[in-house]
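> Here's a structure for you.
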Amino acid sequence: MRPPPRRSAGGTIAGIFGGLTSLVVIAILALSAVGAGQDGTGGIRPSTSPGGASSPREKATNSKLYKTGVLTPVNCRLPRILPSAESMRHFMDTLSDCLDGAWSRQFAKAGLPFDKPNRVFWLEPGRSPCGTYPAPGASAFYCPANNTMYVGLQNVVETSGGEPLSHYAVYARVIAHEYGHHVQDRAGILLYGDRQMESGDVATRTESSRRIELQAQCFAGAFLGSERGTLPMTREQYVAMVVDVRGRGDEDQPPEKRDHGSGRHYAGWVITGYNGRDLTACNTWTVPPSKVS
């Protein structure tokens, strides 16, 4: 069976006008606690996947990565994004190099093997082992079949509602999120989540997908938070990132399509990672369902 891609939530931001932005700023602090809480989940199956634990469930719920603490800064410095595909490509390549360095160090701290993902930053439609691209409303996805991140150089701007290029964190979050899926894959976490999706009913499948997606959000936030010394954000840039991810929530979708999380949680887990930076905070597999709705 063809491995499923892990897609970023797409679509444009609707209904964000004038005074609402101020309300979002006020709400940001309240979102910070979304990732708190503990509860059990899932079953146990034998596995030969990477991750360093004895079962797929343990690789998700008790990964060695969670014990490695804060991501070690790699002093990432990103080029300014100019209105051209080549400038966006340079931005994405530089950011991906930073992610390679940060996550390689983190896996080494955990004593886990790690290999860097491949990158396809595309302008023209194409095909991957996980399917064709672009997909409606999605600018990026990770394909575990060939360990590759796929990001559309123009689509990433289009699905952000034309967000100003100066708001670099909006675009950096997309890359860091897809890289988070590679982290899950290499740690053995993705295998457990995908098995839960294959074996369960609609509610189990969508909840497992949300746990995967929201953890990738937290990993993205943890990286951006760890690099704040060389990748500082103005208040405006930070709010733009939060508004963007909040606008990507799927709470208005029918139950069978609620596979990424509500806007509140999709933004909240980024904030949890950004503020906490400690990977323990990114364990979406042991929080109650209400935290990943």
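Residue numbers start at 1 in each chain; chains themselves are named A, B, ... in the order of the structure tokens; ligands are numbered from 1 in the order shown.
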Compile the contact shell of Val156 (chain A) as a list in words: residues with an atom at most 10 Å away, counting only C-alpha atoms, same-chain residues fewer than 6 positions apart removed.
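Returned residues: Gly10, Met88, Gly137, Ala138, Ser139, Ala140, Gly162, Glu163, Val170, Tyr171, Val174 and Ile175 of chain A.
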> Find the distance between CA of Ala172 (chain A) and CA of Leu95 (chain A) and write it in Å to one decimal.
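Distance reported for this atom pair: 7.3 Å.
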> Quick check for you: according to DSSP on this backbone, which residues of region 59-249 of chain A are classed as strand (DSSP E or B)? Reply as a ChimeraX atom specification.
/A:70,118-122,126-128,131-133,135,138,140-143,148-152
> Return the single residue from A:Tyr274, A:Ser96, A:Lys59, A:Tyr66 that is closest to Met233 (chain A), with distances computed using only C-alpha atoms.
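Closest residue, counting only C-alpha atoms: A:Tyr274.
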> Using only C-alpha atoms, which residues sit within 12 Å of Ser87 (chain A) once same-chain residues fewer than 4 positions away are excluded, as a ChimeraX atom specification?
/A:78-83,91-94,121,153-154,165
> DSSP on the backbone: which residues in region 128-179 of chain A end up as alpha helix (DSSP H)? Give the answer as an NGL selection string.
:A and (155-158 or 168-179)
> Residues at most 9 Å from region 276-282 of chain A, counting only C-alpha atoms, excluding those fewer than 2 positions away in the same chain, as a PyMOL selection string?
chain A and resi 35-36+65-71+214-219+221-226+269+271-274+284-285
> Go ahead and compute the interatomic distance for CA of His167 (chain A) and CA of Ala240 (chain A), in Å to one decimal.
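If I compute the distance from CA of His167 (chain A) to CA of Ala240 (chain A), I get 6.7 Å.
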> Applying 8 Å and only C-alpha atoms, which residues near Arg264 (chain A) remain after dropping the ones on its own chain fewer than 2 positions away? List them as a list of chain:residue names.
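Final neighbour list, sorted by chain and number: A:Leu31, A:Arg246, A:Gly249, A:Gly261, A:Ser262, A:Tyr266, A:Ala267, A:Gly268.
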